[in-house]
$ cat coords.txt   # compact mmCIF, C-alpha atoms
# COMPACT_ATOMS: atom_id res chain seq x y z
CA MET A 207 -20.98 -20.66 7.81
CA PRO A 208 -19.67 -20.41 4.24
CA PRO A 209 -22.20 -20.52 1.37
CA VAL A 210 -23.19 -24.01 0.23
CA GLU A 211 -22.62 -23.56 -3.50
CA VAL A 212 -19.14 -22.10 -3.95
CA LYS A 213 -16.83 -22.43 -6.94
CA TRP A 214 -13.68 -22.93 -4.93
CA THR A 215 -11.42 -22.80 -7.97
CA SER A 216 -12.70 -19.25 -8.58
CA VAL A 217 -12.20 -18.30 -4.92
CA ILE A 218 -8.64 -19.64 -4.92
CA GLY A 219 -7.97 -17.99 -8.28
CA LEU A 220 -9.11 -14.61 -6.96
CA ALA A 221 -7.08 -15.06 -3.77
CA ASN A 222 -3.97 -15.86 -5.82
CA GLN A 223 -4.56 -12.86 -8.08
CA THR A 224 -5.00 -10.48 -5.13
CA LEU A 225 -2.09 -12.00 -3.14
CA THR A 226 -4.40 -12.83 -0.24
CA THR A 227 -4.23 -16.64 -0.23
CA PRO A 228 -2.33 -16.92 3.11
CA ALA A 229 -4.97 -14.70 4.76
CA LEU A 230 -7.55 -17.42 4.10
CA ILE A 231 -5.93 -19.53 6.84
CA ASP A 232 -8.29 -17.99 9.43
CA PHE A 233 -11.28 -19.04 7.32
CA VAL A 234 -9.89 -22.56 6.93
CA ASP A 235 -9.17 -22.93 10.65
CA GLN A 236 -12.73 -21.87 11.47
CA PHE A 237 -14.63 -23.90 8.87
CA ALA A 238 -12.31 -26.81 8.04
CA SER A 239 -15.00 -29.38 8.87
CA VAL A 240 -17.29 -28.15 6.07
CA LEU A 241 -14.71 -27.18 3.44
CA PRO A 242 -13.34 -29.44 0.69
CA GLU A 243 -10.21 -31.22 1.88
CA ASP A 244 -8.14 -30.15 -1.13
CA VAL A 245 -9.01 -26.48 -0.48
CA CYS A 246 -7.86 -26.74 3.14
CA THR A 247 -4.67 -28.55 2.15
CA TYR A 248 -3.78 -25.97 -0.50
CA ILE A 249 -4.35 -22.94 1.72
CA ARG A 250 -2.46 -24.47 4.65
CA GLN A 251 0.44 -25.30 2.36
CA ILE A 252 0.61 -21.74 1.00
CA HIS A 253 0.35 -20.32 4.51
CA ARG A 254 3.07 -22.64 5.82
CA ARG A 255 5.44 -21.64 3.04
CA ASN A 256 4.69 -17.97 3.60
CA VAL A 257 5.48 -18.35 7.31
CA LEU A 258 8.91 -19.72 6.37
CA ARG A 259 9.50 -16.92 3.86
CA ASN A 260 8.43 -14.17 6.25
CA ASP A 261 10.59 -15.63 9.03
CA ARG A 262 13.55 -15.30 6.67
CA LEU A 263 12.50 -11.75 5.82
CA ALA A 264 12.35 -10.95 9.53
CA GLY A 265 15.88 -12.25 10.02
CA GLN A 266 17.05 -10.26 7.00
CA LEU A 267 15.38 -7.12 8.35
CA GLU A 268 16.93 -7.48 11.80
CA GLU A 269 20.40 -7.84 10.26
CA ALA A 270 19.86 -4.73 8.13
CA VAL A 271 18.60 -2.66 11.08
CA ILE A 272 21.57 -3.70 13.24
CA ALA A 273 23.99 -2.78 10.43
CA MET A 274 22.42 0.68 10.05
CA ASN A 275 22.41 1.20 13.81
CA GLY A 276 26.16 0.59 13.69
CA GLN A 277 26.46 3.60 11.37
CA GLY A 278 24.39 5.79 13.71
CA VAL A 279 21.20 5.39 11.66
CA THR A 280 17.84 4.51 13.23
CA PRO A 281 15.59 3.63 10.28
CA VAL A 282 11.82 3.92 9.95
CA LEU A 283 10.17 0.62 9.02
CA LEU A 284 7.36 0.94 6.49
CA LYS A 285 4.60 -1.31 5.12
CA GLY A 286 5.59 -4.99 5.34
CA ALA A 287 8.71 -4.23 7.39
CA ALA A 288 6.52 -2.45 9.96
CA THR A 289 4.21 -5.47 10.02
CA LEU A 290 7.14 -7.80 10.74
CA ALA A 291 8.18 -5.54 13.62
CA THR A 292 4.73 -5.24 15.21
CA ALA A 293 2.66 -8.33 14.39
CA PRO A 294 2.68 -11.31 16.77
CA VAL A 295 5.03 -14.02 15.53
CA GLU A 296 2.11 -16.41 15.00
CA ARG A 297 0.51 -13.88 12.60
CA ARG A 298 3.56 -13.30 10.41
CA GLY A 299 2.48 -15.73 7.74
CA VAL A 300 -0.86 -14.06 6.99
CA ARG A 301 0.56 -11.31 4.75
CA LEU A 302 2.47 -11.82 1.50
CA MET A 303 5.41 -9.42 1.26
CA CYS A 304 7.45 -8.56 -1.81
CA ASP A 305 10.28 -6.54 -0.27
CA LEU A 306 11.38 -4.59 2.81
CA ASP A 307 10.56 -0.88 2.73
CA ILE A 308 12.83 1.21 4.94
CA MET A 309 12.98 4.99 5.27
CA VAL A 310 15.91 7.09 6.48
CA MET A 311 16.41 10.82 6.84
CA PRO A 312 18.15 12.57 3.91
CA ASP A 313 21.36 13.19 5.87
CA GLU A 314 21.49 9.48 6.79
CA ALA A 315 20.96 8.06 3.32
CA GLU A 316 24.58 7.49 2.34
CA SER A 317 25.44 6.04 5.76
CA ALA A 318 22.55 3.60 5.40
CA VAL A 319 23.69 2.52 1.94
CA THR A 320 27.25 2.06 3.22
CA ALA A 321 26.01 -0.06 6.12
CA LEU A 322 23.99 -2.33 3.84
CA ARG A 323 26.79 -2.73 1.31
CA ALA A 324 29.13 -3.70 4.16
CA ILE A 325 26.96 -6.79 4.87
CA GLY A 326 26.88 -7.91 1.26
CA TYR A 327 24.09 -5.94 -0.41
CA GLN A 328 24.52 -4.73 -3.96
CA ILE A 329 22.76 -1.77 -5.53
CA HIS A 330 20.28 -3.05 -8.11
CA GLU A 331 18.69 0.31 -8.91
CA ARG A 332 19.26 3.86 -7.72
CA THR A 333 17.66 7.17 -8.61
CA LEU A 334 19.67 10.31 -9.21
CA PRO A 335 20.51 12.36 -6.07
CA ASN A 336 18.20 15.23 -7.08
CA SER A 337 15.26 12.99 -8.00
CA LYS A 338 11.81 13.95 -6.73
CA ARG A 339 11.51 10.54 -5.07
CA TRP A 340 14.93 9.22 -4.03
CA TYR A 341 15.32 5.52 -3.40
CA VAL A 342 17.86 2.72 -3.66
CA GLU A 343 16.92 -0.90 -4.29
CA LEU A 344 19.44 -3.35 -2.83
CA ASN A 345 19.64 -7.12 -2.95
CA ARG A 346 21.77 -10.14 -2.02
CA PRO A 347 21.70 -13.53 -3.76
CA ARG A 348 20.90 -15.45 -0.56
CA ASP A 349 17.89 -13.36 0.48
CA VAL A 350 14.21 -13.90 -0.31
CA GLY A 351 13.43 -10.19 -0.77
CA THR A 352 15.03 -6.90 -1.72
CA ILE A 353 15.42 -3.78 0.41
CA ASP A 354 13.76 -0.61 -0.88
CA LEU A 355 15.58 2.22 0.89
CA GLN A 356 13.74 5.55 0.72
CA GLN A 357 14.20 9.12 1.89
CA GLY A 358 10.51 9.98 1.99
CA ALA A 359 7.49 7.91 2.96
CA LEU A 360 4.86 10.04 1.25
CA ASP A 361 4.73 11.81 -2.07
CA PRO A 362 4.80 15.57 -1.32
CA ALA A 363 2.66 16.17 -4.43
CA TYR A 364 -0.28 14.73 -2.50
CA LEU A 365 0.61 15.45 1.12
CA ASP A 366 2.13 18.66 2.44
CA ARG A 367 4.51 16.87 4.75
CA GLY A 368 8.11 16.06 4.01
CA PRO A 369 10.05 13.08 5.39
CA GLY A 370 11.28 15.10 8.36
CA ASN A 371 7.76 15.20 9.81
CA ALA A 372 7.34 11.44 9.57
CA LEU A 373 9.18 10.94 12.87
CA ASN A 374 6.44 12.95 14.60
CA HIS A 375 4.12 10.04 13.80
CA CYS A 376 6.45 7.19 14.79
CA VAL A 377 7.27 5.32 17.97
CA PRO A 378 10.60 3.69 18.89
CA ALA A 379 10.62 -0.08 18.54
CA ARG A 380 13.04 -2.87 19.34
CA PHE A 381 13.40 -5.44 16.58
CA GLY A 382 15.50 -8.30 17.86
CA ARG A 383 18.85 -6.71 18.69
CA GLY A 384 18.16 -3.65 16.55
CA SER A 385 16.43 -0.32 17.13
CA ALA A 386 14.05 1.33 14.68
CA TYR A 387 11.00 3.56 14.41
CA VAL A 388 7.56 2.33 13.40
CA PRO A 389 4.75 4.67 12.29
CA THR A 390 1.57 4.71 14.36
CA PRO A 391 -1.36 2.65 13.01
CA THR A 392 -3.05 5.85 11.77
CA TYR A 393 0.02 7.03 9.86
CA ARG A 394 0.62 3.56 8.44
CA ALA A 395 -2.97 3.56 7.20
CA LEU A 396 -2.44 6.96 5.58
CA MET A 397 0.74 5.80 3.83
CA LEU A 398 -0.97 2.66 2.61
CA ILE A 399 -3.92 4.59 1.17
CA ILE A 400 -1.68 7.14 -0.57
CA HIS A 401 0.47 4.34 -1.99
CA ASP A 402 -2.58 2.55 -3.42
CA GLN A 403 -4.49 5.56 -4.67
CA PHE A 404 -1.69 7.68 -6.12
CA GLN A 405 1.69 5.97 -6.30
CA ASP A 406 -0.01 2.89 -7.77
CA PHE A 407 -2.57 5.07 -9.65
CA GLY A 408 -5.46 3.10 -8.14
CA TYR A 409 -7.69 6.15 -7.76
CA TRP A 410 -7.43 7.03 -11.45
CA LEU A 411 -7.71 3.43 -12.65
CA GLY A 412 -10.48 2.29 -10.29
CA ASP A 413 -8.41 -0.54 -8.81
CA LEU A 414 -9.15 -2.48 -5.62
CA ASP A 415 -6.24 -3.85 -3.57
CA LEU A 416 -7.78 -6.48 -1.28
CA ARG A 417 -4.45 -7.31 0.37
CA HIS A 418 -4.06 -3.74 1.56
CA LEU A 419 -7.70 -3.53 2.63
CA LEU A 420 -7.03 -6.55 4.88
CA GLU A 421 -3.99 -4.76 6.27
CA LEU A 422 -6.06 -1.65 6.99
CA ARG A 423 -8.58 -3.83 8.81
CA ASP A 424 -5.80 -5.37 10.91
CA LEU A 425 -4.33 -1.93 11.65
CA ASN A 426 -7.70 -0.80 12.95
CA SER A 427 -7.86 -3.89 15.17
CA SER A 428 -4.32 -3.41 16.52
CA VAL A 429 -3.43 -1.71 19.80
CA GLY A 430 -4.41 1.95 19.46
CA GLY A 431 -6.20 1.33 16.16
CA ILE A 432 -6.82 3.99 13.54
CA ASP A 433 -7.70 7.43 14.87
CA TRP A 434 -10.23 8.58 12.28
CA SER A 435 -10.06 12.24 13.39
CA GLU A 436 -6.28 12.27 13.07
CA LEU A 437 -6.48 10.57 9.68
CA THR A 438 -8.84 13.31 8.50
CA SER A 439 -6.45 16.00 9.76
CA HIS A 440 -3.77 14.79 7.33
CA VAL A 441 -6.02 15.16 4.29
CA SER A 442 -4.85 18.32 2.58
CA SER A 443 -7.03 18.77 -0.51
CA GLY A 444 -10.31 17.84 -2.17
CA LEU A 445 -8.51 15.28 -4.30
CA MET A 446 -6.93 13.63 -1.23
CA LYS A 447 -10.25 13.63 0.60
CA ASN A 448 -12.01 11.87 -2.28
CA ALA A 449 -9.24 9.27 -2.60
CA VAL A 450 -9.05 8.51 1.13
CA GLU A 451 -12.82 8.24 1.49
CA THR A 452 -13.03 5.93 -1.54
CA GLN A 453 -10.64 3.53 0.19
CA LEU A 454 -12.52 3.79 3.48
CA LEU A 455 -15.83 3.07 1.73
CA ALA A 456 -14.33 -0.16 0.38
CA LEU A 457 -13.00 -1.00 3.83
CA ALA A 458 -16.42 -0.59 5.43
CA ALA A 459 -18.46 -2.24 2.68
CA LEU A 460 -16.23 -5.23 1.93
CA LEU A 461 -14.72 -6.02 5.34
CA GLY A 462 -17.27 -4.58 7.76
CA VAL A 463 -14.91 -2.11 9.45
CA GLU A 464 -16.78 0.59 11.37
CA VAL A 465 -15.76 3.78 9.58
CA PRO A 466 -17.48 7.04 10.67
CA HIS A 467 -20.47 7.82 8.45
CA SER A 468 -19.08 11.30 7.70
CA MET A 469 -16.10 9.64 5.96
CA ARG A 470 -18.16 7.45 3.63
CA CYS A 471 -21.23 9.44 2.63
CA ARG A 472 -20.10 11.93 -0.05
CA LEU A 473 -21.07 11.51 -3.70
CA ILE A 474 -17.75 11.32 -5.57
CA PRO A 475 -16.19 8.65 -3.29
CA ARG A 476 -19.42 6.62 -3.51
CA LEU A 477 -19.36 6.83 -7.30
CA GLN A 478 -15.69 5.81 -7.36
CA PHE A 479 -16.37 2.81 -5.11
CA LYS A 480 -19.30 1.75 -7.29
CA ARG A 481 -16.95 2.00 -10.27
CA GLN A 482 -14.46 -0.29 -8.49
CA LEU A 483 -17.11 -2.93 -7.90
CA ILE A 484 -18.38 -2.84 -11.47
CA GLN A 485 -14.87 -3.02 -12.94
CA ALA A 486 -13.96 -5.94 -10.67
CA ARG A 487 -16.99 -7.88 -11.89
CA PHE A 488 -16.94 -6.73 -15.50
CA PRO A 489 -13.32 -5.96 -16.54
CA ALA A 490 -14.48 -4.82 -20.00
CA THR A 491 -15.82 -1.65 -18.36
CA ARG A 492 -12.37 -0.49 -17.26
CA VAL A 493 -11.65 1.55 -20.40
CA PRO A 494 -15.04 3.33 -20.58
CA PHE A 495 -14.83 4.14 -16.87
CA LEU A 496 -11.56 6.02 -17.39
CA ALA A 497 -13.87 8.93 -18.20
CA MET A 498 -14.60 9.15 -14.47
CA THR A 499 -11.25 10.84 -13.98
CA VAL A 500 -13.10 14.01 -15.01
CA LEU A 501 -14.84 13.90 -11.60
CA ASP A 502 -11.58 15.00 -9.98
CA LEU A 503 -9.92 16.78 -12.89
CA ARG A 504 -10.62 20.20 -11.39
CA ASN A 505 -9.30 19.13 -7.94
CA TYR A 506 -6.16 17.73 -9.55
CA ARG A 507 -5.58 20.86 -11.64
CA ARG A 508 -6.16 23.09 -8.61
CA ARG A 509 -3.58 21.08 -6.68
CA MET A 510 -1.00 21.23 -9.45
CA THR A 511 -1.67 24.90 -10.22
CA SER A 512 -1.04 25.74 -6.56
CA GLY A 513 2.32 23.96 -6.74
CA TYR A 514 3.27 25.83 -9.92
CA ALA A 515 2.32 29.16 -8.36
CA GLN A 516 4.55 28.51 -5.35
CA ALA A 517 7.42 27.80 -7.73
CA GLY A 518 6.69 30.94 -9.79
CA LEU A 519 5.60 28.93 -12.82
CA ARG A 520 2.45 29.03 -14.88
CA GLY A 521 0.33 25.88 -14.76
CA ARG A 522 -2.38 24.60 -17.04
CA GLY A 523 -6.04 25.66 -16.71
CA LEU A 524 -8.28 23.93 -14.17
CA TRP A 525 -10.32 22.30 -16.95
CA SER A 526 -7.56 21.77 -19.51
CA VAL A 527 -7.54 18.42 -21.28
CA PRO A 528 -4.91 15.95 -19.94
CA ARG A 529 -1.81 15.59 -22.08
CA GLY A 530 -1.81 12.89 -24.75
CA SER A 531 1.02 11.05 -22.97
CA THR A 532 -1.03 11.00 -19.76
CA LEU A 533 -4.07 9.56 -21.52
CA GLN A 534 -1.91 6.98 -23.28
CA PHE A 535 -0.34 5.93 -19.96
CA LEU A 536 -3.73 5.56 -18.24
CA LEU A 537 -5.14 3.59 -21.15
CA SER A 538 -2.17 1.23 -21.10
CA ALA A 539 -2.28 0.82 -17.31
CA THR A 540 -6.00 0.12 -17.19
CA THR A 541 -5.70 -2.77 -19.67
CA THR A 542 -2.66 -4.33 -17.97
CA VAL A 543 -3.15 -7.14 -15.46
CA ARG A 544 -1.33 -6.13 -12.29
CA ALA A 545 -0.55 -8.48 -9.42
CA GLY A 546 -2.64 -7.78 -6.35
CA LYS A 547 -5.15 -5.56 -8.14
CA VAL A 548 -8.70 -6.14 -9.39
$ encode --input "coords.txt" --output "structure tokens"
Amino acid sequence: MPPVEVKWTSVIGLANQTLTTPALIDFVDQFASVLPEDVCTYIRQIHRRNVLRNDRLAGQLEEAVIAMNGQGVTPVLLKGAATLATAPVERRGVRLMCDLDIMVMPDEAESAVTALRAIGYQIHERTLPNSKRWYVELNRPRDVGTIDLQQGALDPAYLDRGPGNALNHCVPARFGRGSAYVPTPTYRALMLIIHDQFQDFGYWLGDLDLRHLLELRDLNSSVGGIDWSELTSHVSSGLMKNAVETQLLALAALLGVEVPHSMRCRLIPRLQFKRQLIQARFPATRVPFLAMTVLDLRNYRRRMTSGYAQAGLRGRGLWSVPRGSTLQFLLSATTTVRAGKV
């Protein structure tokens, strides 16, 4: 049963901020008889609208996959696109999605772009061909979301696996009349954690992404679930290990997922998770807690120094002070309200 004294405006406000309002439909369906009527009505309305939006996204995704198949390209569906391809139709409306993330192999990139432009997509943004992370953002006026076309699913700076290896962790999937690949639940979990912790800078800023924690929970409950041993095998450095275990600590503590004790017992991840909780409750602590980046400064420098050595360059010392521009960026990011983060 839900607690008796609940400030529902605060609950709804937090759900809206973290983009998890549609996920409350399960709670409403279970406890509707004891919840305020206006709360139930609001959540059901948001969920109903999200079902309609995600159904349109699913149709848009199927059309895009079929078009790429016509050019000999079998794409890899990532994040929300993978959810649309694997979740039961009745569960589509639980997750809010911003866009459709699709990965192709480097030699298929131009064919994929050509296929999408042939069905009316226009290039909104495109990185240079030699960019470290190549992607093209495409859109059409009639669609509810954009397509984020990528060549690599994971940032090689944090994982020693290029996009070519991603197919080793995917399974073929039919999506309507199209054919695609979908990463296994374990690899999807890994991509989600790396996206949150590094591409979105969550590890350095102490952010919690409740929407993605819910997705990790659902991945673990899906057919096959998350293979914790395999997930550990992909962790390639002390920095990665700390970041992954920080996310898994949050998953176990906040959502009750049974994560092996060995993956949630070390000191630095526990300190980072405690930091996340304190910052979420007392946002004024975000700036002072930036000092906790020093906990992994040596791991980060070791990682970067190794990359410089392989390239024949000289890196900075393991305990060198971060550049002024880096500190300025972190300070700005930690005081900025970001959708989906607390």
$ residues_around --input "coords.txt" --residues "Thr224 in chain A" --least-positions-apart "5" --cutoff "7 Å" --atoms "only C-alpha atoms" --output "NGL selection string"
:A and (415-417 or 545-547)
$ residues_near_point --input "coords.txt" --point "(-15.2, 5.6, -1.5)" --cutoff "9 Å" --atoms "all atoms listed in the file" --output "list in words"
Asn448, Ala449, Val450, Glu451, Thr452, Gln453, Leu454, Leu455, Ala456, Leu457, Met469, Arg470, Cys471, Arg472, Leu473, Ile474, Pro475, Arg476, Leu477, Gln478, Phe479 and Lys480 of chain A
$ closest_atom_pairs --input "coords.txt" --of "range 382-415 of chain A" --to "range 282-288 of chain A" --cutoff "9 Å" --atoms "all atoms listed in the file" --output "CSV"
residue,atom,partner,partner_atom,distance
A:Ala386,CA,A:Val282,CA,5.8
A:Tyr387,CA,A:Val282,CA,4.5
A:Val388,CA,A:Leu283,CA,5.4
A:Pro389,CA,A:Leu284,CA,7.4
A:Arg394,CA,A:Lys285,CA,7.1
A:Met397,CA,A:Lys285,CA,8.2
A:Leu398,CA,A:Lys285,CA,7.3
$ write_last_selection --input "coords.txt" --atoms "C-alpha atoms" --output "short mmCIF file (atom, residue, chain, number, x, y, z; two decimals), in the coordinates of the input"
data_model
loop_
_atom_site.label_atom_id
_atom_site.label_comp_id
_atom_site.auth_asym_id
_atom_site.auth_seq_id
_atom_site.Cartn_x
_atom_site.Cartn_y
_atom_site.Cartn_z
CA ALA A 386 14.05 1.33 14.68
CA TYR A 387 11.00 3.56 14.41
CA VAL A 388 7.56 2.33 13.40
CA PRO A 389 4.75 4.67 12.29
CA ARG A 394 0.62 3.56 8.44
CA MET A 397 0.74 5.80 3.83
CA LEU A 398 -0.97 2.66 2.61
#
$ residues_around --input "coords.txt" --residues "range 402-411 of chain A" --least-positions-apart "5" --cutoff "7 Å" --atoms "only C-alpha atoms" --output "tab-separated table (two decimals) with C-alpha atoms, in the coordinates of the input"
chain	number	residue	atom	x	y	z
A	449	ALA	CA	-9.24	9.27	-2.60
A	496	LEU	CA	-11.56	6.02	-17.39
A	499	THR	CA	-11.25	10.84	-13.98
A	540	THR	CA	-6.00	0.12	-17.19
$ residues_around --input "coords.txt" --residues "Glu464 in chain A" --least-positions-apart "2" --cutoff "12 Å" --atoms "all atoms listed in the file" --output "VMD selection string"
chain A and resid 422 to 423 426 to 427 431 to 434 454 to 462 466 to 470
$ residues_around --input "coords.txt" --residues "Asp261 in chain A" --least-positions-apart "5" --cutoff "9 Å" --atoms "only C-alpha atoms" --output "JSON, numbers by chain"
{"A": [256, 266, 290, 295, 298, 299]}
$ residues_around --input "coords.txt" --residues "Arg301 in chain A" --least-positions-apart "5" --cutoff "10 Å" --atoms "all atoms listed in the file" --output "ChimeraX atom specification"
/A:225-229,253,256-257,260,286,289-290,417-418,420-421
$ residues_near_point --input "coords.txt" --point "(15.4, -9.1, 9.8)" --cutoff "12 Å" --atoms "only C-alpha atoms" --output "ChimeraX atom specification"
/A:259-273,283,286-291,305-308,349-353,380-386
$ closest_residue --input "coords.txt" --among "A:Ile231, A:Ala395, A:Ala238, A:Ile218" --to "Ser428 in chain A" --atoms "only C-alpha atoms"
A:Ala395
$ closest_residue --input "coords.txt" --among "A:Ile400, A:Met207, A:Val465, A:Val377" --to "Thr292 in chain A" --atoms "only C-alpha atoms"
A:Val377
$ closest_residue --input "coords.txt" --among "A:Val429, A:Val543, A:Lys213, A:Gly412" --to "Thr390 in chain A" --atoms "only C-alpha atoms"
A:Val429
$ closest_residue --input "coords.txt" --among "A:Ile329, A:Met446, A:Leu230, A:Leu536" --to "Ala497 in chain A" --atoms "all atoms listed in the file"
A:Leu536
$ atom_distance --input "coords.txt" --atom1 "CA of Ser442 in chain A" --atom2 "CA of Gln356 in chain A"
22.6 Å
$ closest_residue --input "coords.txt" --among "A:Leu414, A:Ala324, A:Thr541, A:Glu436" --to "Leu483 in chain A" --atoms "only C-alpha atoms"
A:Leu414
$ atom_distance --input "coords.txt" --atom1 "CA of Tyr327 in chain A" --atom2 "CA of Leu344 in chain A"
5.8 Å
$ atom_distance --input "coords.txt" --atom1 "CA of Pro494 in chain A" --atom2 "CA of Gly530 in chain A"
16.8 Å
$ build_atoms --input "coords.txt" --residues "range 326-337 of chain A" --atoms "N, CA and C atoms" --output "PDB file, in the coordinates of the input"
ATOM      1  N   GLY A 326      27.023  -7.112   2.472  1.00  0.00           N
ATOM      2  CA  GLY A 326      26.880  -7.910   1.260  1.00  0.00           C
ATOM      3  C   GLY A 326      25.835  -7.468   0.266  1.00  0.00           C
ATOM      4  N   TYR A 327      25.113  -6.384   0.537  1.00  0.00           N
ATOM      5  CA  TYR A 327      24.090  -5.940  -0.410  1.00  0.00           C
ATOM      6  C   TYR A 327      24.731  -5.232  -1.606  1.00  0.00           C
ATOM      7  N   GLN A 328      24.100  -5.417  -2.753  1.00  0.00           N
ATOM      8  CA  GLN A 328      24.520  -4.730  -3.960  1.00  0.00           C
ATOM      9  C   GLN A 328      23.385  -3.824  -4.434  1.00  0.00           C
ATOM     10  N   ILE A 329      23.763  -2.698  -5.030  1.00  0.00           N
ATOM     11  CA  ILE A 329      22.760  -1.770  -5.530  1.00  0.00           C
ATOM     12  C   ILE A 329      22.227  -2.282  -6.858  1.00  0.00           C
ATOM     13  N   HIS A 330      20.927  -2.580  -6.890  1.00  0.00           N
ATOM     14  CA  HIS A 330      20.280  -3.050  -8.110  1.00  0.00           C
ATOM     15  C   HIS A 330      19.757  -1.874  -8.930  1.00  0.00           C
ATOM     16  N   GLU A 331      19.224  -0.874  -8.232  1.00  0.00           N
ATOM     17  CA  GLU A 331      18.690   0.310  -8.910  1.00  0.00           C
ATOM     18  C   GLU A 331      18.795   1.496  -7.973  1.00  0.00           C
ATOM     19  N   ARG A 332      19.109   2.656  -8.552  1.00  0.00           N
ATOM     20  CA  ARG A 332      19.260   3.860  -7.720  1.00  0.00           C
ATOM     21  C   ARG A 332      18.860   5.081  -8.536  1.00  0.00           C
ATOM     22  N   THR A 333      18.042   5.934  -7.929  1.00  0.00           N
ATOM     23  CA  THR A 333      17.660   7.170  -8.610  1.00  0.00           C
ATOM     24  C   THR A 333      18.775   8.202  -8.478  1.00  0.00           C
ATOM     25  N   LEU A 334      18.688   9.233  -9.290  1.00  0.00           N
ATOM     26  CA  LEU A 334      19.670  10.310  -9.210  1.00  0.00           C
ATOM     27  C   LEU A 334      19.500  11.074  -7.893  1.00  0.00           C
ATOM     28  N   PRO A 335      20.580  11.673  -7.367  1.00  0.00           N
ATOM     29  CA  PRO A 335      20.510  12.360  -6.070  1.00  0.00           C
ATOM     30  C   PRO A 335      19.436  13.441  -5.989  1.00  0.00           C
ATOM     31  N   ASN A 336      19.170  14.129  -7.107  1.00  0.00           N
ATOM     32  CA  ASN A 336      18.200  15.230  -7.080  1.00  0.00           C
ATOM     33  C   ASN A 336      16.802  14.797  -7.532  1.00  0.00           C
ATOM     34  N   SER A 337      16.554  13.490  -7.569  1.00  0.00           N
ATOM     35  CA  SER A 337      15.260  12.990  -8.000  1.00  0.00           C
ATOM     36  C   SER A 337      14.159  13.404  -7.026  1.00  0.00           C
TER      37      SER A 337
END
